[in-house]
Each structure stands twice: as C-alpha cells, then as structure tokens.
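Engineer: Dropping in final-v4.txt, with compact mmCIF, C-alpha atoms.
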# COMPACT_ATOMS: atom_id res chain seq x y z
CA MET A 175 1.83 26.47 -7.42
CA ILE A 176 -0.27 25.91 -4.30
CA ASP A 177 1.90 25.35 -1.23
CA ILE A 178 0.16 22.79 0.94
CA ALA A 179 3.11 22.21 3.21
CA LYS A 180 6.28 24.07 3.98
CA ILE A 181 9.58 22.57 2.95
CA TYR A 182 11.57 22.02 6.09
CA ALA A 183 15.33 22.13 6.61
CA THR A 184 17.22 19.22 8.18
CA GLU A 185 17.12 19.51 11.92
CA GLY A 186 14.66 20.68 14.51
CA ARG A 187 11.71 21.15 12.15
CA SER A 188 8.43 19.30 12.14
CA PRO A 189 8.24 16.50 9.58
CA LEU A 190 5.67 16.72 6.82
CA ASP A 191 2.27 15.65 8.14
CA ALA A 192 0.73 12.42 6.87
CA LEU A 193 -2.40 14.11 5.52
CA SER A 194 -0.46 16.51 3.27
CA TYR A 195 1.68 13.63 2.06
CA ARG A 196 -1.32 11.46 1.21
CA GLU A 197 -3.06 14.33 -0.57
CA ALA A 198 0.05 14.98 -2.70
CA MET A 199 0.62 11.28 -3.41
CA SER A 200 -3.01 10.89 -4.53
CA ARG A 201 -2.10 12.98 -7.61
CA VAL A 202 0.46 10.44 -8.79
CA GLY A 203 -1.28 8.00 -11.14
CA SER A 204 -0.61 4.28 -11.14
CA ALA A 205 -1.81 0.95 -12.38
CA VAL A 206 -4.24 -0.95 -10.15
CA ASN A 207 -3.10 -4.45 -9.28
CA ILE A 208 -4.46 -7.31 -7.25
CA VAL A 209 -1.70 -9.03 -5.29
CA THR A 210 -2.57 -12.61 -4.38
CA THR A 211 -1.01 -15.40 -2.38
CA ASP A 212 -1.81 -18.96 -1.31
CA GLY A 213 0.00 -21.75 0.49
CA PRO A 214 0.56 -22.84 4.12
CA GLY A 215 -0.39 -19.32 5.31
CA GLY A 216 -3.73 -19.42 3.48
CA ARG A 217 -5.20 -17.62 0.49
CA ALA A 218 -5.32 -13.83 0.53
CA GLY A 219 -5.35 -10.91 -1.84
CA PHE A 220 -5.49 -7.12 -1.84
CA ALA A 221 -5.64 -4.22 -4.29
CA ALA A 222 -2.29 -2.47 -4.58
CA THR A 223 -0.95 0.54 -6.40
CA ALA A 224 2.43 0.55 -4.62
CA VAL A 225 4.07 -1.87 -7.03
CA CYS A 226 6.97 -1.13 -9.34
CA SER A 227 9.71 -2.71 -11.37
CA VAL A 228 13.20 -2.79 -9.84
CA THR A 229 15.49 -4.53 -12.33
CA ASP A 230 15.38 -7.05 -15.17
CA ASN A 231 18.54 -8.78 -13.90
CA PRO A 232 17.35 -10.77 -12.08
CA PRO A 233 13.74 -9.92 -13.05
CA THR A 234 12.48 -8.28 -9.86
CA LEU A 235 9.52 -6.15 -8.86
CA LEU A 236 8.59 -4.74 -5.50
CA VAL A 237 5.33 -4.62 -3.57
CA CYS A 238 4.71 -2.45 -0.49
CA VAL A 239 2.44 -3.97 2.13
CA ASN A 240 1.31 -2.71 5.51
CA THR A 241 2.63 -5.08 8.16
CA LYS A 242 -0.63 -4.65 10.12
CA SER A 243 -2.84 -5.57 7.14
CA SER A 244 -4.95 -8.74 7.11
CA VAL A 245 -3.01 -10.14 4.13
CA TYR A 246 0.46 -9.68 5.59
CA PRO A 247 0.65 -12.91 7.64
CA ALA A 248 -0.38 -14.99 4.63
CA ILE A 249 2.15 -13.38 2.30
CA SER A 250 4.90 -13.75 4.89
CA ALA A 251 4.13 -17.41 5.51
CA ASN A 252 3.76 -18.33 1.84
CA GLY A 253 6.77 -16.43 0.48
CA ALA A 254 5.17 -16.33 -2.96
CA LEU A 255 2.69 -14.00 -4.62
CA ALA A 256 1.23 -12.96 -7.94
CA VAL A 257 0.81 -9.39 -9.16
CA ASN A 258 -2.20 -9.13 -11.48
CA ALA A 259 -2.53 -5.80 -13.31
CA LEU A 260 -6.20 -4.98 -13.81
CA GLY A 261 -8.08 -4.02 -16.94
CA SER A 262 -10.87 -1.52 -17.45
CA VAL A 263 -13.43 -4.28 -16.75
CA HIS A 264 -12.09 -4.79 -13.22
CA GLU A 265 -13.19 -1.69 -11.36
CA ARG A 266 -15.65 -3.65 -9.21
CA LEU A 267 -13.02 -6.31 -8.49
CA SER A 268 -10.58 -3.59 -7.43
CA ARG A 269 -13.13 -2.21 -4.96
CA LEU A 270 -13.80 -5.68 -3.53
CA PHE A 271 -10.08 -6.32 -2.97
CA GLY A 272 -9.55 -2.83 -1.59
CA GLY A 273 -12.29 -2.95 1.02
CA LYS A 274 -13.37 -5.02 3.99
CA THR A 275 -14.96 -7.83 1.98
CA PRO A 276 -14.16 -11.32 3.34
CA SER A 277 -11.47 -13.15 1.40
CA ASP A 278 -13.70 -15.92 -0.03
CA GLU A 279 -16.16 -13.35 -1.38
CA ARG A 280 -13.32 -11.42 -3.04
CA PHE A 281 -12.02 -14.47 -4.84
CA SER A 282 -15.45 -15.73 -5.87
CA ALA A 283 -15.97 -12.56 -7.92
CA ALA A 284 -13.42 -13.58 -10.59
CA ARG A 285 -11.88 -16.62 -12.28
CA TRP A 286 -8.42 -17.76 -11.19
CA ARG A 287 -5.95 -20.38 -12.19
CA TYR A 288 -3.07 -21.60 -10.06
CA GLY A 289 0.55 -21.27 -11.16
CA LYS A 290 3.47 -23.54 -10.33
CA ARG A 291 3.87 -21.82 -6.98
CA GLY A 292 0.19 -22.29 -6.20
CA VAL A 293 -0.68 -18.61 -6.12
CA PRO A 294 -3.95 -17.38 -7.72
CA ILE A 295 -3.51 -15.82 -11.16
CA LEU A 296 -6.39 -13.72 -12.47
CA GLU A 297 -7.67 -15.27 -15.73
CA ASP A 298 -8.22 -12.01 -17.60
CA ALA A 299 -5.55 -9.71 -16.16
CA VAL A 300 -3.76 -7.22 -18.42
CA VAL A 301 -0.59 -8.95 -17.29
CA SER A 302 0.29 -11.26 -14.39
CA PHE A 303 3.62 -11.87 -12.68
CA GLU A 304 4.25 -14.98 -10.59
CA CYS A 305 6.88 -14.22 -7.97
CA VAL A 306 8.91 -15.49 -5.06
CA VAL A 307 9.63 -13.05 -2.22
CA LYS A 308 13.41 -12.88 -2.00
CA HIS A 309 14.00 -10.07 0.45
CA ALA A 310 12.09 -7.53 2.54
CA THR A 311 12.95 -4.12 3.95
CA THR A 312 10.84 -2.60 6.73
CA ILE A 313 10.15 1.13 6.41
CA GLY A 314 7.88 2.46 9.17
CA THR A 315 4.47 0.80 8.89
CA HIS A 316 5.26 -1.12 5.68
CA ASP A 317 7.42 -3.92 4.35
CA VAL A 318 8.83 -3.52 0.87
CA LEU A 319 8.86 -7.01 -0.62
CA PHE A 320 11.42 -7.64 -3.34
CA CYS A 321 9.96 -10.34 -5.53
CA GLU A 322 11.82 -12.33 -8.17
CA VAL A 323 9.58 -12.89 -11.17
CA GLU A 324 9.51 -16.50 -12.32
CA GLY A 325 6.73 -16.29 -14.88
CA VAL A 326 4.62 -13.75 -16.72
CA GLU A 327 1.44 -13.88 -18.75
CA ILE A 328 0.12 -11.14 -20.99
CA GLY A 329 -3.64 -11.18 -21.41
CA GLU A 330 -5.84 -10.08 -24.27
CA ILE A 331 -7.54 -7.19 -22.49
CA GLU A 332 -7.05 -3.99 -24.41
CA SER A 333 -7.41 -1.30 -21.78
CA ALA A 334 -5.76 -0.94 -18.40
CA LEU A 335 -7.29 0.32 -15.15
CA LEU A 336 -5.41 3.23 -13.58
CA TYR A 337 -6.02 5.22 -10.43
CA CYS A 338 -5.25 8.93 -10.10
CA SER A 339 -6.67 11.64 -7.82
CA ARG A 340 -8.83 8.99 -6.12
CA LYS A 341 -10.65 8.14 -9.35
CA TYR A 342 -10.44 5.26 -11.77
CA HIS A 343 -9.28 5.90 -15.34
CA THR A 344 -8.79 3.74 -18.41
CA VAL A 345 -6.00 3.81 -20.97
CA PRO A 346 -5.34 1.61 -24.01
CA CYS A 347 -2.68 -1.03 -23.46
CA MET B 265 -4.12 -15.69 -22.11
CA ILE B 266 -0.97 -15.66 -24.20
CA ASP B 267 1.90 -17.46 -22.48
CA ILE B 268 5.08 -15.59 -23.28
CA ALA B 269 7.17 -17.41 -20.71
CA LYS B 270 6.79 -20.63 -18.80
CA ILE B 271 6.33 -20.47 -15.08
CA TYR B 272 9.23 -22.27 -13.51
CA ALA B 273 9.38 -24.27 -10.30
CA THR B 274 11.92 -23.52 -7.58
CA GLU B 275 15.18 -25.26 -8.33
CA GLY B 276 17.16 -26.16 -11.39
CA ARG B 277 15.04 -24.22 -13.87
CA SER B 278 16.07 -21.29 -16.04
CA PRO B 279 15.05 -17.91 -14.63
CA LEU B 280 12.67 -15.77 -16.61
CA ASP B 281 14.55 -13.98 -19.39
CA ALA B 282 14.96 -10.21 -19.20
CA LEU B 283 13.21 -9.59 -22.52
CA SER B 284 10.00 -11.38 -21.49
CA TYR B 285 10.06 -9.55 -18.18
CA ARG B 286 10.47 -6.14 -19.83
CA GLU B 287 7.71 -6.88 -22.33
CA ALA B 288 5.33 -7.84 -19.53
CA MET B 289 6.28 -4.89 -17.34
CA SER B 290 5.70 -2.50 -20.26
CA ARG B 291 1.95 -3.25 -19.90
CA VAL B 292 1.86 -1.86 -16.37
CA GLY B 293 0.96 1.82 -16.54
CA SER B 294 2.57 4.45 -14.36
CA ALA B 295 3.00 8.16 -13.85
CA VAL B 296 6.00 9.78 -15.54
CA ASN B 297 8.26 11.68 -13.16
CA ILE B 298 11.43 13.68 -13.46
CA VAL B 299 13.75 12.96 -10.55
CA THR B 300 16.21 15.81 -9.92
CA THR B 301 19.14 16.47 -7.64
CA ASP B 302 21.71 19.19 -7.00
CA GLY B 303 24.46 19.80 -4.46
CA PRO B 304 28.14 18.89 -4.02
CA GLY B 305 27.73 16.04 -6.54
CA GLY B 306 26.34 18.37 -9.20
CA ARG B 307 22.97 18.85 -10.85
CA ALA B 308 21.33 15.90 -12.58
CA GLY B 309 17.92 14.62 -13.52
CA PHE B 310 16.24 11.69 -15.23
CA ALA B 311 12.78 10.50 -16.26
CA ALA B 312 11.53 7.75 -13.96
CA THR B 313 8.47 5.55 -13.77
CA ALA B 314 9.84 3.29 -11.01
CA VAL B 315 8.66 5.49 -8.16
CA CYS B 316 6.07 4.61 -5.56
CA SER B 317 4.76 5.50 -2.15
CA VAL B 318 5.94 3.38 0.79
CA THR B 319 4.32 4.80 3.94
CA ASP B 320 2.92 8.03 5.34
CA ASN B 321 4.62 7.45 8.71
CA PRO B 322 7.20 8.78 8.22
CA PRO B 323 6.20 10.12 4.76
CA THR B 324 8.40 8.03 2.48
CA LEU B 325 8.54 7.24 -1.21
CA LEU B 326 10.99 5.13 -3.14
CA VAL B 327 12.88 5.65 -6.38
CA CYS B 328 14.70 2.89 -8.29
CA VAL B 329 17.87 4.00 -10.05
CA ASN B 330 20.40 2.07 -12.08
CA THR B 331 23.74 2.23 -10.28
CA LYS B 332 25.51 2.50 -13.67
CA SER B 333 23.43 5.48 -14.82
CA SER B 334 24.94 8.93 -15.34
CA VAL B 335 22.78 10.45 -12.59
CA TYR B 336 23.63 7.91 -9.91
CA PRO B 337 26.88 9.50 -8.65
CA ALA B 338 25.19 12.89 -8.26
CA ILE B 339 22.21 11.49 -6.33
CA SER B 340 24.52 9.45 -4.10
CA ALA B 341 26.74 12.44 -3.32
CA ASN B 342 23.88 14.87 -2.73
CA GLY B 343 21.64 12.60 -0.65
CA ALA B 344 18.63 14.70 -1.63
CA LEU B 345 16.26 14.67 -4.58
CA ALA B 346 12.94 15.90 -5.87
CA VAL B 347 10.30 13.80 -7.59
CA ASN B 348 8.29 15.91 -10.05
CA ALA B 349 5.21 14.20 -11.49
CA LEU B 350 4.65 15.39 -15.05
CA GLY B 351 1.56 16.81 -16.68
CA SER B 352 0.18 16.27 -20.15
CA VAL B 353 2.20 19.29 -21.38
CA HIS B 354 5.50 17.60 -20.47
CA GLU B 355 5.83 14.85 -23.03
CA ARG B 356 8.78 16.57 -24.72
CA LEU B 357 10.44 17.19 -21.35
CA SER B 358 10.03 13.52 -20.47
CA ARG B 359 11.77 12.51 -23.70
CA LEU B 360 14.64 14.94 -23.03
CA PHE B 361 15.18 13.56 -19.52
CA GLY B 362 14.83 9.98 -20.73
CA GLY B 363 17.40 10.16 -23.51
CA LYS B 364 21.04 11.02 -24.05
CA THR B 365 20.60 14.81 -23.97
CA PRO B 366 23.33 16.63 -21.95
CA SER B 367 22.21 17.71 -18.49
CA ASP B 368 22.30 21.48 -19.12
CA GLU B 369 20.12 21.11 -22.20
CA ARG B 370 17.61 19.04 -20.24
CA PHE B 371 17.26 21.64 -17.51
CA SER B 372 17.11 24.60 -19.91
CA ALA B 373 13.90 23.19 -21.41
CA ALA B 374 11.81 24.02 -18.33
CA ARG B 375 11.56 26.44 -15.41
CA TRP B 376 12.79 25.35 -11.99
CA ARG B 377 12.90 26.75 -8.52
CA TYR B 378 15.13 25.51 -5.73
CA GLY B 379 13.76 24.11 -2.48
CA LYS B 380 15.32 24.27 0.99
CA ARG B 381 17.52 21.31 0.11
CA GLY B 382 18.69 22.99 -3.09
CA VAL B 383 17.18 20.43 -5.44
CA PRO B 384 15.44 21.59 -8.64
CA ILE B 385 11.63 21.62 -8.42
CA LEU B 386 9.73 21.79 -11.69
CA GLU B 387 7.58 24.97 -11.71
CA ASP B 388 4.51 23.43 -13.32
CA ALA B 389 4.60 19.83 -12.13
CA VAL B 390 1.35 18.03 -11.25
CA VAL B 391 2.92 17.52 -7.85
CA SER B 392 6.47 17.72 -6.48
CA PHE B 393 8.05 15.99 -3.51
CA GLU B 394 11.28 17.27 -1.93
CA CYS B 395 13.10 14.40 -0.27
CA VAL B 396 16.14 13.28 1.66
CA VAL B 397 17.54 9.84 0.85
CA LYS B 398 17.43 7.92 4.14
CA HIS B 399 18.32 4.40 3.12
CA ALA B 400 19.19 2.36 0.03
CA THR B 401 18.87 -1.32 -0.84
CA THR B 402 20.83 -2.76 -3.77
CA ILE B 403 18.93 -5.27 -5.94
CA GLY B 404 20.97 -6.47 -8.92
CA THR B 405 21.67 -3.53 -11.22
CA HIS B 406 19.61 -1.02 -9.25
CA ASP B 407 19.51 0.80 -5.95
CA VAL B 408 16.13 1.34 -4.35
CA LEU B 409 16.35 4.71 -2.63
CA PHE B 410 14.01 5.23 0.33
CA CYS B 411 13.36 8.94 0.49
CA GLU B 412 11.76 10.80 3.36
CA VAL B 413 9.48 13.51 2.04
CA GLU B 414 10.04 16.89 3.67
CA GLY B 415 7.84 19.05 1.48
CA VAL B 416 5.20 18.76 -1.23
CA GLU B 417 3.64 21.13 -3.71
CA ILE B 418 0.53 20.49 -5.73
CA GLY B 419 0.43 22.38 -9.02
CA GLU B 420 -2.48 23.69 -11.03
CA ILE B 421 -2.04 21.41 -14.02
CA GLU B 422 -5.21 19.46 -14.68
CA SER B 423 -4.02 16.41 -16.53
CA ALA B 424 -1.28 13.96 -15.72
CA LEU B 425 1.16 12.24 -18.07
CA LEU B 426 1.17 8.46 -17.86
CA TYR B 427 3.14 5.82 -19.71
CA CYS B 428 1.73 2.41 -20.64
CA SER B 429 2.65 -0.07 -23.39
CA ARG B 430 5.50 2.26 -24.44
CA LYS B 431 3.11 5.10 -25.24
CA TYR B 432 2.21 8.33 -23.49
CA HIS B 433 -1.34 8.81 -22.21
CA THR B 434 -3.15 11.59 -20.39
CA VAL B 435 -5.66 11.39 -17.56
CA PRO B 436 -7.45 14.13 -15.58
CA CYS B 437 -5.95 14.81 -12.17
Is it possible to give me this structure as structure tokens?
Structural biologist:
Amino acid sequence: MIDIAKIYATEGRSPLDALSYREAMSRVGSAVNIVTTDGPGGRAGFAATAVCSVTDNPPTLLVCVNTKSSVYPAISANGALAVNALGSVHERLSRLFGGKTPSDERFSAARWRYGKRGVPILEDAVVSFECVVKHATTIGTHDVLFCEVEGVEIGEIESALLYCSRKYHTVPC
Amino acid sequence: MIDIAKIYATEGRSPLDALSYREAMSRVGSAVNIVTTDGPGGRAGFAATAVCSVTDNPPTLLVCVNTKSSVYPAISANGALAVNALGSVHERLSRLFGGKTPSDERFSAARWRYGKRGVPILEDAVVSFECVVKHATTIGTHDVLFCEVEGVEIGEIESALLYCSRKYHTVPC
C-alpha cells in the first residue's frame, strides 16, 4: 500500500488535505450523469458523479451540488430536477456539461423532452429519473439534495459511461 | 425509450413503486465498496454501492445504510468506519459481504490492518478511506452517514470492481 496521507487521531491533528482526498476519491469509479432542471429559476444542467440511491421507500436518490456553482440557484428555485445516466455515446456531452460551456450550447448538443415537472429529460439516456427535491443538508461547500423520484425511464442504450481515475470507461448495461 | 413507470404530477397521484425504482437504479453503475467498523459496538462490515463524495472541505464522503441492517448498531455505536473500494480480484469478497455470511467468516476471507481509529482496512483495496461519522440524516428506511475522512491509502491494484445491471464489471484504475 502507498501511504499518501497519515491517518490522524481525534484531537489536535491536522485534517486530511483536500488534494490527498481528491486524489484518493478519483480512484472510486462511478456512473456519469447529467443533472438538469427548468422552471421559474431557469434551465440549467451539469455533469455529476456524486449521485446515489438512498432508499426505495419512498423512492429517493441524492445529488451533491456545490452551493457556489452556476446551476445551484436554478435548482434551488425550481425544486425539481432530472438525473440522466449517460451512455457510452455521451462522452462529448459529459465534457460539455462539465465545463464552462454556456447553458444554451450545452442543451443544444442533445435532444430533450420535458416531463410532467418540466425538467429536461435526455432522449437517449441509459436511464432517467424525474425528481422533486424534498430536503437538503449542507455539508461544507455542498448541499446534499434528497430527491423523491416520481418517474423513471429506461432507455435502449446498451453501454453505460463510467468515470474512474479521471478517465472515461464503458461497461455493458 | 421504454416507459416503465408513468411520471406523476404533484398531488393526488400514486408514488413511483419500489420495484420500478429498483429496476431503474440497477442500471446506474457504481464502485463496489466494503464498509467496515470496529470498536465498542463490535466488528461489522457490508458491501455497499451507495457511497459518494460530498466535499473536499472538510474532506467528507457519505454512506447510506439501512437502519434495520445487522451492521447498523455497530456503526452507530462505534462512530467510525472505513470505506474500502474493491478491485477486480474481490468479486468473491463482495459476495461474502453482501450476503448472509456470519461476520467472522466474512473477515477471515481477506487480510486487514487496523487504522488509528481501530477500524478494519482492507490490505489490497483500490483505495481506503478511514472516517469518523460526523452527522446522520434519516430518509425513510436508511440513514445517510456523513463521514469526515481522516486518512486515505491508495493501493497498487490496477483494476477496479464495478457493479452495473446486477453484474460485476472491471475497469482499469
């Protein structure tokens, strides 16, 4: 094992530095999702890996979002979002939604339909979840949004886009 | 797109059923981790995919755990845990920690060392995080544990174990 940071006891020690944490977390693979919103707060979307299932009763997933990010005000105002899990064909789309590209240009790079809540649902996602934000917990720089899932759609794409060690990968799904 | 559940409007509609939600969520790939604990509440561990990063300031990840699960009392009592991301060699270990196998039998199937907090750290994990549980939010059947990361270790394993569509997959890491 390569120690990249000491393990500290409870009190009086330095916390783990952010760089070591990010380097370690980069090794943990995850699906790549585009989280979208629309409504009174405007349309917005961003690429997110910090998404996971919480419980199926009531069906709830969570999304972590930086409270200083450009999409945060829109999500907060709209109170609804979609999580669209990307397929192997979506690497370029992921980069667009993960960068500094203006919002209109991001959305014009793919086809969307609008669910009952009015949030953009990616036409050819591996799977999409339409959600209402029920509760949020602030942890440091981020809000963890607990989202009740009102509808799901499973697409016909056969391989999923994953991200691990700062590279894209593809697995059958 | 294949509709497997209708998208419902706000009030007076049936919520999404748990089965449709689980089927949809099964398409979202994730790393496979073994979450471990030890201390006054005893040693315990379980296989978990519902783990994600929250923020690097302070370095914090989250773990979702069913409050009715056999490991929950131990994690609650100990207030500390390790998240060990598995490699491609750990498929059998994942099954052991995801099933009904008694705790001692689970742990005897791998080599562990003990961090400063006394929690078991898997010797050949892709990466391990030693954490203190700082805060918990209850959502339905599950607690979301917000865990401050005190130490990390990156292993020398070169491929990570992922789970998607109820199958194991391997990607370089």
Engineer: Using only C-alpha atoms, I'd like a table of the residues in chain B that come within 7 Å of chain A; for each, show the closest atom pair and its distance in Å rounded to one decimal, ordered by chain and ascending number, as JSON lines.
Structural biologist:
{"residue": "B:Met265", "atom": "CA", "partner": "A:Gly329", "partner_atom": "CA", "distance": 4.6}
{"residue": "B:Ile266", "atom": "CA", "partner": "A:Ile328", "partner_atom": "CA", "distance": 5.7}
{"residue": "B:Asp267", "atom": "CA", "partner": "A:Glu327", "partner_atom": "CA", "distance": 5.2}
{"residue": "B:Ile268", "atom": "CA", "partner": "A:Glu327", "partner_atom": "CA", "distance": 6.1}
{"residue": "B:Ala269", "atom": "CA", "partner": "A:Gly325", "partner_atom": "CA", "distance": 6.0}
{"residue": "B:Lys270", "atom": "CA", "partner": "A:Gly325", "partner_atom": "CA", "distance": 5.8}
{"residue": "B:Ile271", "atom": "CA", "partner": "A:Gly325", "partner_atom": "CA", "distance": 4.2}
{"residue": "B:Tyr272", "atom": "CA", "partner": "A:Glu324", "partner_atom": "CA", "distance": 5.9}
{"residue": "B:Ala273", "atom": "CA", "partner": "A:Lys290", "partner_atom": "CA", "distance": 6.0}
{"residue": "B:Pro279", "atom": "CA", "partner": "A:Glu324", "partner_atom": "CA", "distance": 6.2}
{"residue": "B:Leu280", "atom": "CA", "partner": "A:Glu324", "partner_atom": "CA", "distance": 5.4}
{"residue": "B:Ala282", "atom": "CA", "partner": "A:Asp230", "partner_atom": "CA", "distance": 5.1}
{"residue": "B:Tyr285", "atom": "CA", "partner": "A:Pro233", "partner_atom": "CA", "distance": 6.3}
{"residue": "B:Arg286", "atom": "CA", "partner": "A:Asp230", "partner_atom": "CA", "distance": 6.8}
{"residue": "B:Ala288", "atom": "CA", "partner": "A:Ile328", "partner_atom": "CA", "distance": 6.3}
{"residue": "B:Arg291", "atom": "CA", "partner": "A:Cys347", "partner_atom": "CA", "distance": 6.2}
{"residue": "B:Val292", "atom": "CA", "partner": "A:Ala205", "partner_atom": "CA", "distance": 6.1}
{"residue": "B:Gly293", "atom": "CA", "partner": "A:Ala205", "partner_atom": "CA", "distance": 5.1}
{"residue": "B:Ser294", "atom": "CA", "partner": "A:Ser204", "partner_atom": "CA", "distance": 4.5}
{"residue": "B:Ala295", "atom": "CA", "partner": "A:Gly203", "partner_atom": "CA", "distance": 5.1}
{"residue": "B:Ala314", "atom": "CA", "partner": "A:Cys226", "partner_atom": "CA", "distance": 5.5}
{"residue": "B:Val315", "atom": "CA", "partner": "A:Cys226", "partner_atom": "CA", "distance": 6.9}
{"residue": "B:Cys316", "atom": "CA", "partner": "A:Ala224", "partner_atom": "CA", "distance": 5.5}
{"residue": "B:Ser317", "atom": "CA", "partner": "A:Ala224", "partner_atom": "CA", "distance": 6.0}
{"residue": "B:Val318", "atom": "CA", "partner": "A:Cys238", "partner_atom": "CA", "distance": 6.1}
{"residue": "B:Thr319", "atom": "CA", "partner": "A:His316", "partner_atom": "CA", "distance": 6.2}
{"residue": "B:Asp320", "atom": "CA", "partner": "A:Ala192", "partner_atom": "CA", "distance": 5.1}
{"residue": "B:Asn321", "atom": "CA", "partner": "A:Gly314", "partner_atom": "CA", "distance": 6.0}
{"residue": "B:Pro322", "atom": "CA", "partner": "A:Gly314", "partner_atom": "CA", "distance": 6.4}
{"residue": "B:Pro323", "atom": "CA", "partner": "A:Ala192", "partner_atom": "CA", "distance": 6.3}
{"residue": "B:Cys328", "atom": "CA", "partner": "A:Val228", "partner_atom": "CA", "distance": 6.1}
{"residue": "B:Ala349", "atom": "CA", "partner": "A:Val202", "partner_atom": "CA", "distance": 6.6}
{"residue": "B:Lys380", "atom": "CA", "partner": "A:Ala183", "partner_atom": "CA", "distance": 6.0}
{"residue": "B:Arg381", "atom": "CA", "partner": "A:Ala183", "partner_atom": "CA", "distance": 6.9}
{"residue": "B:Val391", "atom": "CA", "partner": "A:Ala198", "partner_atom": "CA", "distance": 6.4}
{"residue": "B:Gly404", "atom": "CA", "partner": "A:Asn231", "partner_atom": "CA", "distance": 6.0}
{"residue": "B:Thr405", "atom": "CA", "partner": "A:Thr229", "partner_atom": "CA", "distance": 6.4}
{"residue": "B:His406", "atom": "CA", "partner": "A:Thr229", "partner_atom": "CA", "distance": 6.2}
{"residue": "B:Val413", "atom": "CA", "partner": "A:Leu190", "partner_atom": "CA", "distance": 6.9}
{"residue": "B:Glu414", "atom": "CA", "partner": "A:Leu190", "partner_atom": "CA", "distance": 5.4}
{"residue": "B:Gly415", "atom": "CA", "partner": "A:Ile181", "partner_atom": "CA", "distance": 4.2}
{"residue": "B:Val416", "atom": "CA", "partner": "A:Ala179", "partner_atom": "CA", "distance": 6.0}
{"residue": "B:Glu417", "atom": "CA", "partner": "A:Asp177", "partner_atom": "CA", "distance": 5.2}
{"residue": "B:Ile418", "atom": "CA", "partner": "A:Ile176", "partner_atom": "CA", "distance": 5.7}
{"residue": "B:Gly419", "atom": "CA", "partner": "A:Met175", "partner_atom": "CA", "distance": 4.6}
{"residue": "B:Glu420", "atom": "CA", "partner": "A:Met175", "partner_atom": "CA", "distance": 6.3}
{"residue": "B:Cys428", "atom": "CA", "partner": "A:Cys347", "partner_atom": "CA", "distance": 6.3}
{"residue": "B:Ser429", "atom": "CA", "partner": "A:Cys347", "partner_atom": "CA", "distance": 5.4}
{"residue": "B:His433", "atom": "CA", "partner": "A:Val345", "partner_atom": "CA", "distance": 6.9}
{"residue": "B:Val435", "atom": "CA", "partner": "A:His343", "partner_atom": "CA", "distance": 6.9}
{"residue": "B:Cys437", "atom": "CA", "partner": "A:Ser339", "partner_atom": "CA", "distance": 5.4}
Engineer: Within 8 Å of Asn342 of chain B, counting all atoms listed in the file, which residues qualify if same-chain residues fewer than 3 places away don't, as a list in words?
Structural biologist: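 So, after excluding close chain neighbours, the residues are Thr301, Asp302, Gly303, Pro304, Gly305, Gly306, Ala338, Ile339 and Leu345 of chain B.
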Engineer: Based on the selection just made, write C-alpha atoms of those residues as a PDB file, in the frame of the given file.
Structural biologist:
ATOM      1  CA  THR B 301      19.140  16.470  -7.640  1.00  0.00           C
ATOM      2  CA  ASP B 302      21.710  19.190  -7.000  1.00  0.00           C
ATOM      3  CA  GLY B 303      24.460  19.800  -4.460  1.00  0.00           C
ATOM      4  CA  PRO B 304      28.140  18.890  -4.020  1.00  0.00           C
ATOM      5  CA  GLY B 305      27.730  16.040  -6.540  1.00  0.00           C
ATOM      6  CA  GLY B 306      26.340  18.370  -9.200  1.00  0.00           C
ATOM      7  CA  ALA B 338      25.190  12.890  -8.260  1.00  0.00           C
ATOM      8  CA  ILE B 339      22.210  11.490  -6.330  1.00  0.00           C
ATOM      9  CA  LEU B 345      16.260  14.670  -4.580  1.00  0.00           C
TER      10      LEU B 345
END
Engineer: Need the axis-aligned box for segment 385-394 of chain B with 8 Å each side, so what are the centre and edges in Å to one decimal, as AutoDock Vina command-line options?
Structural biologist:
--center_x 6.5 --center_y 20.5 --center_z -7.6 --size_x 26.3 --size_y 25.0 --size_z 27.4
Engineer: What gap, in Å, lies between atom CA of Cys411 of chain B and atom CA of Val299 of chain B?
Structural biologist: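 So the two atoms, atom CA of Cys411 of chain B and atom CA of Val299 of chain B, lie 11.8 Å apart.
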Engineer: Using all atoms listed in the file, which of the listed residues (B:Glu369, B:Tyr378, B:Glu422, B:Lys398) sits closest to Val353 of chain B?
Structural biologist: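 Ranking B:Glu369, B:Tyr378, B:Glu422, B:Lys398 by distance to Val353 of chain B, first place goes to B:Glu422.
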Engineer: Please compute the atom CA of Ala311 of chain B-atom CA of Ser358 of chain B distance, one decimal, in Å.
Structural biologist: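 Computing it gives 5.9 Å between the two atoms.
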Engineer: Could you tell me how far atom CA of Phe310 of chain B lies from atom CA of Pro366 of chain B, in Å and to one decimal?
Structural biologist: 10.9 Å
Engineer: Pick from A:Lys274, A:Ile295, A:Pro247, A:Val307: nearest to Thr210 of chain A, with all atoms listed in the file counted?
Structural biologist: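 Of the candidates, the smallest distance to Thr210 of chain A is held by A:Ile295.
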Engineer: Considering all atoms listed in the file, can you say which of B:Gly351, B:Gly309, B:Gly343, B:Gly382 comes closest to Asp368 of chain B?
Structural biologist: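 The answer is B:Gly309, which sits nearest to Asp368 of chain B.
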